[in-house]
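Trainee: Structure file entry18.csv (CSV, C-alpha atoms) is given on the next line.
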chain,number,residue,atom,x,y,z
A,1,MET,CA,-108.2,162.7,12.6
A,2,TYR,CA,-107.3,160.1,10.1
A,3,SER,CA,-105.1,157.3,11.3
A,4,LEU,CA,-101.8,156.5,9.6
A,5,LYS,CA,-103.4,153.3,8.3
A,6,ARG,CA,-106.3,155.3,6.8
A,7,CYS,CA,-104.1,157.9,5.1
A,8,THR,CA,-101.8,155.2,3.7
A,9,ALA,CA,-104.9,153.3,2.3
A,10,LEU,CA,-106.2,156.6,0.7
A,11,MET,CA,-102.8,157.3,-0.9
A,12,LEU,CA,-102.5,153.8,-2.3
A,13,THR,CA,-106.1,154.0,-3.7
A,14,TRP,CA,-105.3,157.4,-5.3
A,15,ALA,CA,-102.1,156.0,-6.8
A,16,ALA,CA,-104.0,153.0,-8.2
A,17,LEU,CA,-106.6,155.3,-9.8
A,18,GLN,CA,-103.9,157.4,-11.4
A,19,GLY,CA,-102.2,154.3,-12.7
A,20,ALA,CA,-105.5,153.0,-14.1
A,21,ALA,CA,-106.2,156.3,-15.8
A,22,GLN,CA,-102.8,156.5,-17.3
A,23,ALA,CA,-103.1,152.9,-18.5
A,24,ALA,CA,-106.5,153.4,-20.1
A,25,PRO,CA,-106.2,153.3,-23.9
A,26,TYR,CA,-107.2,156.4,-25.8
A,27,MET,CA,-110.4,156.1,-27.8
A,28,ASP,CA,-111.3,158.5,-30.5
A,29,VAL,CA,-114.8,160.1,-30.0
A,30,LEU,CA,-115.5,158.8,-33.6
A,31,ASP,CA,-115.2,155.3,-32.2
A,32,LEU,CA,-116.6,155.8,-28.7
A,33,PRO,CA,-120.4,155.2,-28.5
A,34,ALA,CA,-122.4,157.9,-26.9
A,35,MET,CA,-122.8,157.3,-23.2
A,36,PRO,CA,-126.3,157.0,-21.7
A,37,SER,CA,-127.3,159.8,-19.5
A,38,ALA,CA,-130.4,160.3,-17.4
A,39,LEU,CA,-129.9,164.1,-17.7
A,40,ALA,CA,-129.6,164.1,-21.5
A,41,ALA,CA,-132.9,166.0,-22.0
A,42,ALA,CA,-131.6,168.7,-19.7
A,43,SER,CA,-128.2,168.9,-21.3
A,44,PRO,CA,-127.2,171.1,-24.2
A,45,LEU,CA,-128.9,170.3,-27.5
A,46,ARG,CA,-128.4,171.9,-30.9
A,47,ASP,CA,-131.2,170.8,-33.2
A,48,VAL,CA,-134.6,169.3,-33.2
A,49,THR,CA,-137.0,168.1,-35.9
A,50,SER,CA,-140.5,166.7,-36.1
A,51,VAL,CA,-140.8,163.3,-37.6
A,52,GLY,CA,-144.5,162.6,-37.9
A,53,ALA,CA,-145.6,162.0,-34.4
A,54,ARG,CA,-142.0,161.8,-33.1
A,55,LEU,CA,-139.5,164.4,-32.2
A,56,VAL,CA,-135.8,163.9,-32.6
A,57,ALA,CA,-133.1,166.1,-31.1
A,58,VAL,CA,-129.3,166.0,-31.3
A,59,GLY,CA,-126.5,167.6,-29.3
A,60,PRO,CA,-123.0,167.4,-27.9
A,61,ARG,CA,-121.2,164.1,-26.9
A,62,GLY,CA,-123.2,162.2,-29.6
A,63,HIS,CA,-126.5,162.7,-27.7
A,64,ILE,CA,-129.6,161.9,-29.8
A,65,LEU,CA,-133.0,161.8,-28.1
A,66,TYR,CA,-136.4,161.0,-29.4
A,67,SER,CA,-139.9,161.6,-27.9
A,68,ASP,CA,-143.2,160.0,-28.9
A,69,ASP,CA,-145.4,162.1,-26.5
A,70,ASN,CA,-144.8,165.6,-27.8
A,71,GLY,CA,-141.7,166.1,-25.7
A,72,GLY,CA,-143.1,164.9,-22.4
A,73,HIS,CA,-140.6,162.1,-22.1
A,74,TRP,CA,-137.4,161.5,-24.0
A,75,GLN,CA,-135.4,158.3,-24.7
A,76,GLN,CA,-131.8,158.2,-25.7
A,77,ALA,CA,-130.9,156.6,-29.0
A,78,SER,CA,-128.1,154.2,-29.7
A,79,VAL,CA,-125.3,156.2,-31.3
A,80,PRO,CA,-121.9,154.8,-32.4
A,81,ALA,CA,-119.9,158.0,-31.8
A,82,SER,CA,-119.5,160.7,-29.2
A,83,ALA,CA,-118.7,163.6,-31.5
A,84,ASP,CA,-120.7,166.7,-30.9
A,85,LEU,CA,-123.8,166.7,-33.3
A,86,ASN,CA,-125.1,169.9,-34.8
A,87,ALA,CA,-128.0,169.1,-37.0
A,88,VAL,CA,-130.6,166.5,-38.0
A,89,SER,CA,-132.8,165.9,-41.0
A,90,PHE,CA,-135.6,163.3,-41.6
A,91,PRO,CA,-137.1,163.3,-45.1
A,92,SER,CA,-139.4,160.4,-44.0
A,93,ALA,CA,-140.7,158.8,-40.8
A,94,GLU,CA,-137.9,156.1,-40.9
A,95,GLN,CA,-134.9,157.6,-42.7
A,96,GLY,CA,-132.8,160.3,-41.0
A,97,TRP,CA,-129.4,161.8,-41.0
A,98,ALA,CA,-127.4,163.7,-38.3
A,99,VAL,CA,-124.1,165.6,-38.8
A,100,GLY,CA,-121.5,167.2,-36.5
A,101,ASN,CA,-118.0,167.8,-35.5
A,102,ASP,CA,-115.0,165.8,-36.7
A,103,GLY,CA,-116.7,165.4,-40.1
A,104,VAL,CA,-119.2,162.9,-38.8
A,105,ILE,CA,-122.4,161.9,-40.7
A,106,LEU,CA,-124.8,159.4,-39.1
A,107,HIS,CA,-127.8,157.6,-40.6
A,108,SER,CA,-130.9,156.1,-39.0
A,109,GLY,CA,-133.3,153.7,-40.7
A,110,ASP,CA,-135.7,153.2,-37.8
A,111,GLY,CA,-136.9,156.7,-37.1
A,112,GLY,CA,-134.0,157.8,-34.9
A,113,VAL,CA,-133.9,154.9,-32.4
A,114,SER,CA,-130.5,153.6,-33.6
A,115,TRP,CA,-127.8,155.1,-35.8
A,116,GLN,CA,-124.9,154.0,-37.9
A,117,LYS,CA,-121.9,156.0,-39.1
A,118,GLN,CA,-121.7,156.8,-42.8
A,119,LEU,CA,-118.7,159.1,-42.9
A,120,ASP,CA,-116.2,160.8,-40.6
A,121,GLY,CA,-113.3,163.3,-40.9
A,122,ARG,CA,-110.6,160.6,-40.9
A,123,VAL,CA,-111.6,159.4,-44.3
A,124,LEU,CA,-113.3,162.6,-45.6
A,125,GLY,CA,-110.1,164.2,-46.8
A,126,GLU,CA,-109.0,161.1,-48.7
A,127,GLN,CA,-112.3,160.8,-50.4
A,128,VAL,CA,-112.4,164.4,-51.5
A,129,LEU,CA,-108.8,164.2,-52.7
A,130,ALA,CA,-109.5,161.0,-54.7
A,131,TYR,CA,-112.5,162.6,-56.3
A,132,TYR,CA,-110.7,165.8,-57.5
A,133,ARG,CA,-107.7,163.9,-58.7
A,134,ALA,CA,-110.0,161.8,-60.8
A,135,GLN,CA,-111.7,164.9,-62.1
A,136,ALA,CA,-108.3,166.3,-63.0
A,137,GLN,CA,-107.3,163.2,-64.9
A,138,ALA,CA,-110.6,163.2,-66.8
A,139,ALA,CA,-110.4,166.9,-67.7
A,140,PRO,CA,-106.8,168.1,-67.3
A,141,GLN,CA,-107.5,171.4,-69.1
A,142,ASP,CA,-109.9,172.5,-66.4
A,143,GLU,CA,-108.0,175.1,-64.3
A,144,ARG,CA,-110.2,174.6,-61.2
A,145,TRP,CA,-108.7,171.2,-60.3
A,146,PRO,CA,-105.3,172.1,-59.0
A,147,THR,CA,-106.8,174.5,-56.4
A,148,LEU,CA,-109.4,172.0,-55.3
A,149,ILE,CA,-106.7,169.2,-55.1
A,150,ALA,CA,-104.7,171.5,-52.8
A,151,GLU,CA,-107.7,172.1,-50.6
A,152,ALA,CA,-108.3,168.4,-50.4
A,153,GLU,CA,-104.7,167.8,-49.5
A,154,ARG,CA,-105.1,170.3,-46.7
A,155,LEU,CA,-108.1,168.3,-45.5
A,156,VAL,CA,-106.0,165.2,-45.4
A,157,GLN,CA,-103.2,166.9,-43.5
A,158,GLU,CA,-105.3,168.6,-40.9
A,159,GLY,CA,-107.3,165.4,-40.1
A,160,ALA,CA,-110.7,165.1,-38.6
A,161,ASP,CA,-111.2,168.6,-37.3
A,162,LYS,CA,-113.8,170.0,-39.8
A,163,PRO,CA,-117.4,170.2,-38.5
A,164,PHE,CA,-120.5,169.8,-40.6
A,165,LEU,CA,-123.0,172.4,-39.4
A,166,ASP,CA,-126.2,171.3,-41.2
A,167,VAL,CA,-127.8,168.5,-43.3
A,168,TRP,CA,-130.9,168.5,-45.5
A,169,PHE,CA,-132.5,165.7,-47.5
A,170,ALA,CA,-135.2,166.2,-50.1
A,171,ASP,CA,-136.1,162.5,-50.0
A,172,GLU,CA,-134.6,159.2,-48.8
A,173,GLN,CA,-131.9,159.4,-51.5
A,174,ASN,CA,-131.0,163.0,-52.3
A,175,GLY,CA,-129.3,165.2,-49.7
A,176,PHE,CA,-126.6,167.8,-48.8
A,177,ALA,CA,-124.3,168.4,-45.9
A,178,VAL,CA,-122.5,171.7,-45.3
A,179,GLY,CA,-119.8,172.9,-43.0
A,180,VAL,CA,-116.8,175.1,-42.4
A,181,PHE,CA,-114.6,176.5,-45.2
A,182,ASN,CA,-117.1,175.8,-48.0
A,183,LEU,CA,-117.4,172.2,-47.0
A,184,LEU,CA,-120.3,171.0,-49.3
A,185,LEU,CA,-121.2,167.4,-50.0
A,186,HIS,CA,-124.0,165.8,-52.0
A,187,THR,CA,-125.5,162.3,-52.1
A,188,ARG,CA,-127.8,160.7,-54.6
A,189,ASP,CA,-128.0,157.3,-52.8
A,190,GLY,CA,-129.0,157.9,-49.2
A,191,GLY,CA,-125.4,158.7,-48.0
A,192,GLN,CA,-123.8,155.5,-49.3
A,193,HIS,CA,-121.6,157.8,-51.3
A,194,TRP,CA,-121.0,161.5,-50.8
A,195,THR,CA,-119.7,163.7,-53.7
A,196,PRO,CA,-117.8,166.9,-53.0
A,197,TRP,CA,-119.5,170.0,-54.5
A,198,LEU,CA,-116.8,172.5,-53.4
A,199,GLU,CA,-116.5,173.8,-57.0
A,200,ARG,CA,-120.3,174.1,-57.4
A,201,SER,CA,-120.8,177.0,-54.9
A,202,ASP,CA,-120.1,180.7,-55.6
A,203,ASN,CA,-117.9,180.9,-52.5
A,204,PRO,CA,-114.4,181.6,-53.7
A,205,GLN,CA,-113.4,182.9,-50.3
A,206,GLY,CA,-114.2,179.6,-48.7
A,207,LEU,CA,-116.5,181.1,-46.2
A,208,HIS,CA,-118.2,178.9,-43.6
A,209,LEU,CA,-121.6,177.5,-44.6
A,210,THR,CA,-124.0,177.6,-41.7
A,211,SER,CA,-127.3,176.2,-42.8
A,212,LEU,CA,-129.5,174.6,-45.5
A,213,ALA,CA,-133.1,175.5,-45.9
A,214,SER,CA,-135.8,174.7,-48.5
A,215,VAL,CA,-138.2,177.6,-49.1
A,216,ASP,CA,-141.0,177.3,-51.7
A,217,GLY,CA,-139.3,174.5,-53.5
A,218,THR,CA,-135.8,176.2,-53.7
A,219,LEU,CA,-132.8,175.2,-51.6
A,220,TYR,CA,-130.7,177.9,-50.0
A,221,ILE,CA,-127.4,177.9,-48.1
A,222,THR,CA,-126.6,180.6,-45.6
A,223,GLY,CA,-123.1,181.5,-44.4
A,224,GLU,CA,-120.8,184.1,-42.9
A,225,GLN,CA,-120.1,187.6,-44.2
A,226,GLY,CA,-123.6,187.9,-45.7
A,227,LEU,CA,-123.3,184.8,-47.8
A,228,LEU,CA,-126.5,183.5,-49.3
A,229,LEU,CA,-126.5,180.8,-52.0
A,230,LYS,CA,-129.4,179.5,-54.1
A,231,LEU,CA,-129.5,176.1,-55.8
A,232,ASP,CA,-129.7,176.3,-59.6
A,233,ALA,CA,-131.3,172.9,-60.2
A,234,ASP,CA,-130.7,173.0,-63.9
A,235,GLY,CA,-127.0,174.0,-63.6
A,236,GLN,CA,-126.5,171.8,-60.6
A,237,ARG,CA,-124.6,174.5,-58.6
A,238,PHE,CA,-125.3,177.1,-55.9
A,239,THR,CA,-125.2,180.6,-57.1
A,240,ARG,CA,-124.7,183.7,-54.9
A,241,LEU,CA,-127.4,186.2,-54.1
A,242,THR,CA,-126.5,189.7,-53.1
A,243,THR,CA,-127.6,190.8,-49.7
A,244,PRO,CA,-127.4,194.2,-47.9
A,245,TYR,CA,-125.8,192.7,-44.8
A,246,SER,CA,-122.2,191.6,-44.3
A,247,GLY,CA,-122.6,189.7,-41.0
A,248,THR,CA,-123.2,186.0,-40.5
A,249,PHE,CA,-126.6,184.4,-41.4
A,250,PHE,CA,-127.6,181.4,-39.3
A,251,GLY,CA,-130.6,180.3,-41.4
A,252,ALA,CA,-133.5,180.9,-43.8
A,253,VAL,CA,-137.2,180.4,-43.5
A,254,GLY,CA,-140.3,181.2,-45.6
A,255,LYS,CA,-143.3,180.2,-47.5
A,256,PRO,CA,-144.5,180.7,-51.1
A,257,GLY,CA,-143.7,184.3,-52.1
A,258,VAL,CA,-141.7,185.1,-48.9
A,259,LEU,CA,-138.1,184.4,-48.0
A,260,LEU,CA,-136.5,185.5,-44.7
A,261,VAL,CA,-132.8,185.2,-43.8
A,262,TYR,CA,-131.7,185.8,-40.2
A,263,GLY,CA,-128.5,186.1,-38.2
A,264,LEU,CA,-126.3,188.1,-35.9
A,265,ARG,CA,-127.5,190.8,-33.6
A,266,GLY,CA,-131.2,190.4,-34.5
A,267,HIS,CA,-130.7,191.1,-38.2
A,268,VAL,CA,-133.5,189.8,-40.5
A,269,LEU,CA,-134.0,190.4,-44.2
A,270,ARG,CA,-137.1,189.8,-46.2
A,271,SER,CA,-137.6,189.2,-49.9
A,272,THR,CA,-140.7,188.6,-51.9
A,273,ASP,CA,-139.0,188.0,-55.3
A,274,GLY,CA,-136.7,185.0,-54.5
A,275,GLY,CA,-133.8,187.0,-53.1
A,276,GLN,CA,-133.4,189.6,-55.8
A,277,ASN,CA,-134.5,192.5,-53.6
A,278,TRP,CA,-134.4,192.8,-49.8
A,279,GLN,CA,-136.1,194.8,-47.0
A,280,PRO,CA,-134.8,194.8,-43.4
A,281,VAL,CA,-137.2,193.6,-40.8
A,282,ASN,CA,-137.2,195.3,-37.4
A,283,THR,CA,-137.1,192.6,-34.7
A,284,GLY,CA,-136.4,194.9,-31.8
A,285,LEU,CA,-133.6,192.7,-30.7
A,286,ALA,CA,-129.9,193.0,-30.4
A,287,ASN,CA,-129.5,189.3,-29.8
A,288,SER,CA,-128.7,186.9,-32.6
A,289,ILE,CA,-131.6,185.1,-34.3
A,290,THR,CA,-130.6,181.4,-34.2
A,291,ALA,CA,-133.7,179.5,-35.2
A,292,ALA,CA,-136.9,179.9,-37.1
A,293,SER,CA,-140.0,177.9,-37.9
A,294,LEU,CA,-143.2,177.9,-40.0
A,295,ASP,CA,-146.3,176.5,-38.3
A,296,SER,CA,-149.2,174.6,-39.8
A,297,SER,CA,-151.3,177.7,-40.3
A,298,GLY,CA,-148.5,179.5,-42.2
A,299,LYS,CA,-147.3,181.9,-39.4
A,300,LEU,CA,-143.6,182.6,-39.2
A,301,TRP,CA,-141.6,182.3,-35.9
A,302,LEU,CA,-138.1,183.6,-35.0
A,303,LEU,CA,-136.2,182.6,-31.9
A,304,SER,CA,-133.1,184.1,-30.4
A,305,GLN,CA,-129.9,183.0,-28.7
A,306,ALA,CA,-131.2,184.7,-25.5
A,307,GLY,CA,-134.5,182.8,-25.6
A,308,HIS,CA,-136.8,185.4,-27.3
A,309,VAL,CA,-139.7,184.0,-29.3
A,310,LEU,CA,-141.1,186.3,-32.0
A,311,LEU,CA,-144.3,185.7,-34.1
A,312,SER,CA,-145.3,187.2,-37.4
A,313,ARG,CA,-148.9,187.2,-38.6
A,314,ASP,CA,-148.2,189.2,-41.8
A,315,ASP,CA,-145.8,186.9,-43.7
A,316,GLY,CA,-142.7,188.2,-42.0
A,317,ALA,CA,-143.2,191.9,-42.6
A,318,SER,CA,-143.2,192.5,-38.8
A,319,PHE,CA,-142.8,190.5,-35.6
A,320,ALA,CA,-144.1,190.7,-32.1
A,321,GLN,CA,-142.5,189.2,-29.1
A,322,ILE,CA,-144.3,186.4,-27.2
A,323,ARG,CA,-144.5,186.7,-23.5
A,324,GLN,CA,-142.9,183.8,-21.5
A,325,THR,CA,-142.6,183.0,-17.9
A,326,ALA,CA,-138.9,182.1,-18.4
A,327,ARG,CA,-136.4,182.4,-21.2
A,328,THR,CA,-133.6,180.0,-21.9
A,329,PRO,CA,-131.1,180.1,-24.9
A,330,ILE,CA,-132.5,178.6,-28.1
A,331,SER,CA,-130.6,176.9,-30.8
A,332,ALA,CA,-133.4,175.2,-32.7
A,333,ALA,CA,-137.2,174.8,-32.7
A,334,ALA,CA,-139.9,172.5,-34.1
A,335,PHE,CA,-143.6,172.1,-33.8
A,336,ASP,CA,-144.9,168.8,-32.3
A,337,ALA,CA,-148.0,166.9,-33.2
A,338,ALA,CA,-150.0,168.9,-30.6
A,339,THR,CA,-148.9,172.2,-32.2
A,340,GLU,CA,-146.7,173.2,-29.3
A,341,LEU,CA,-143.3,174.8,-30.0
A,342,VAL,CA,-140.5,172.5,-28.9
A,343,LEU,CA,-137.3,174.5,-28.1
A,344,VAL,CA,-133.8,173.2,-27.6
A,345,GLY,CA,-130.7,174.9,-26.5
A,346,GLU,CA,-127.9,175.0,-23.9
A,347,ARG,CA,-130.4,174.0,-21.1
A,348,GLY,CA,-132.0,171.1,-23.0
A,349,VAL,CA,-135.6,170.9,-24.1
A,350,ARG,CA,-138.6,173.0,-23.2
A,351,THR,CA,-142.0,173.4,-24.7
A,352,LEU,CA,-144.1,176.5,-25.3
A,353,ALA,CA,-147.8,176.4,-25.8
A,354,VAL,CA,-148.8,178.7,-28.6
A,355,GLU,CA,-152.1,179.8,-30.1
Please rewrite the model in this file as structure tokens.

Mentor:
Amino acid sequence: MYSLKRCTALMLTWAALQGAAQAAPYMDVLDLPAMPSALAAASPLRDVTSVGARLVAVGPRGHILYSDDNGGHWQQASVPASADLNAVSFPSAEQGWAVGNDGVILHSGDGGVSWQKQLDGRVLGEQVLAYYRAQAQAAPQDERWPTLIAEAERLVQEGADKPFLDVWFADEQNGFAVGVFNLLLHTRDGGQHWTPWLERSDNPQGLHLTSLASVDGTLYITGEQGLLLKLDADGQRFTRLTTPYSGTFFGAVGKPGVLLVYGLRGHVLRSTDGGQNWQPVNTGLANSITAASLDSSGKLWLLSQAGHVLLSRDDGASFAQIRQTARTPISAAAFDAATELVLVGERGVRTLAVE
């Protein structure tokens, strides 16, 4: 039995801990650096990309990991925020960007070893509002501006709660970031300045934008309710393509002459004419397709939320399931320098040897 002295000491210790916790100042996740964790590679991750011989993965709590031995060992990067991260893009071996919740955009200039914050949701609304007010002053006859100003004012009022879901850079200067409620930004200077493109997407309902993908030199945005947008480079806007599916698309993948879009409940559509006509692809799955990849030999891969890995050897016309010793949920995939498939998801990182 505990002595009275022991019980009293425990009570005093507990009271002191409670007092310390109550006295601890609140720190926003946008200001709180990501905490080092020995278990980061086994914790949830949401995206992974190949950067030359390096792999970089991102996930919740500001975790960014990098590996220089094809995923054998992972090191945790220095990250200035603890917001959940959803996507990463490296147009070169040194320059990369990551985006996530709370409107955060991070930049790395050293291949993913360290990161700096370029934007967050606390200032995003103000910047969008200032941009559209300036547009309205320059062209007051344009009927679009009042609606866009109202949307920007809502961003300001609601604060830093809007997540970016994907980011893509064509090179070290030109890139896009997309997110919920038609959140669409563009940069021409490596993220030093981000310009709102809300009025440049055929998305009047303000549907969520889920991913960016470049296929055969054309940039596509996928979204909910069958939304698929295609960049008109000449018109500098994203135009809508009609699709025969009304569910959410999570991404697009393809090669010259072939475009696939994939999404909920195993739905995959295939086009051979740039999205003008579509044919459904039978995946044999009822699980959502959450990731895709194109390997160095031109074969297409699809991966599911339940951990299925599907391979096509006929340019996406059909897919066969790859046998695995164990399946884990998959949110993203990339090929490493040794041509193994690196998979990330709710249980961290795993690799799959492929032919």

Trainee: Each side padded by 4 Å, which centre and which edge lengths in Å (one decimal) define the axis-aligned box around the listed atoms of segment 188-191 of chain A? Give them as JSON.

Mentor:
{"center_x": -127.2, "center_y": 159.0, "center_z": -51.3, "size_x": 11.6, "size_y": 11.4, "size_z": 14.6}

Trainee: What is the atom CA of Trp145 of chain A to atom CA of Asp102 of chain A distance in Å?

Mentor: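 Between these atoms lies a distance of 25.0 Å.
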
Trainee: Within 12 Å of Leu302 of chain A, counting all atoms listed in the file, which residues qualify if same-chain residues fewer than 2 places away don't, as a ChimeraX atom specification?

Mentor: /A:250-254,260-263,266-268,281-285,287-295,299-300,304-313,316,318-322,330-334,341,343

Trainee: My list of candidates is A:Val156, A:Ala53, A:Ala353, A:Leu229. Which is closest to Glu94 of chain A when distances are computed with only C-alpha atoms?

Mentor: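 Checking each candidate against Glu94 of chain A, we get A:Ala53 as the closest.
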
Trainee: Show me the residues around (-131.6, 151.6, -36.5) - criterion: an atom at most 10 Å away, only C-alpha atoms counted - as number ranges by chain.

Mentor: A: 77-79, 94-96, 107-116

Trainee: Please list, as JSON, numbers by chain, the residues that have an atom at most 12 Å away from (-139.1, 173.5, -54.9) in the coordinates of this file, counting all atoms listed in the file.

Mentor: {"A": [170, 213, 214, 215, 216, 217, 218, 219, 220, 230, 231, 232, 233, 255, 256, 274]}

Trainee: With only C-alpha atoms as the basis for distance, which of A:Thr222, A:Asn101, A:Gln76, A:Thr195 is at the shortest distance from Ala57 of chain A?

Mentor: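 Comparing A:Thr222, A:Asn101, A:Gln76, A:Thr195 against Ala57 of chain A, the winner is A:Gln76.
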
Trainee: So how far away is atom CA of Asp314 of chain A from atom CA of Leu55 of chain A, in Å?

Mentor: 28.0 Å

Trainee: Nearest to Thr187 of chain A: which of A:Thr242, A:Thr272, A:Gln118, A:Gln157 is it, counting all atoms listed in the file?

Mentor: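 Looking at the shortest contact to Thr187 of chain A, the residue is A:Gln118.
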
Trainee: For a test of reading the model, state the distance in Å between atom CA of Asp142 of chain A and atom CA of Asn203 of chain A, rounded to one decimal.

Mentor: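 Straight-line distance from atom CA of Asp142 of chain A to atom CA of Asn203 of chain A works out to 18.1 Å.
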
Trainee: Tell me which of A:Leu124, A:Ala38, A:Leu303, A:Leu207 sits closest to Ile105 of chain A, counting all atoms listed in the file.

Mentor: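 The shortest atom-to-atom distance to Ile105 of chain A comes from A:Leu124.
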
Trainee: Tell me, as JSON, numbers by chain, which residues lie within 12 Å of segment 119-121 of chain A, counting all atoms listed in the file; anything in the same chain fewer than 3 positions away does not count.

Mentor: {"A": [28, 29, 30, 31, 80, 81, 82, 83, 97, 98, 99, 100, 101, 102, 103, 104, 105, 106, 107, 116, 124, 125, 126, 127, 128, 152, 155, 156, 157, 158, 159, 160, 161, 162, 163, 164, 177, 179, 183, 185, 187, 191, 192, 193, 194, 195]}

Trainee: Choose the residue, out of A:Ala134, A:Ala87, A:Leu129, A:Leu65, that has the smallest atom-to-atom separation from Arg46 of chain A; count only C-alpha atoms.

Mentor: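 Going through A:Ala134, A:Ala87, A:Leu129, A:Leu65 one by one, the smallest distance to Arg46 of chain A is for A:Ala87.
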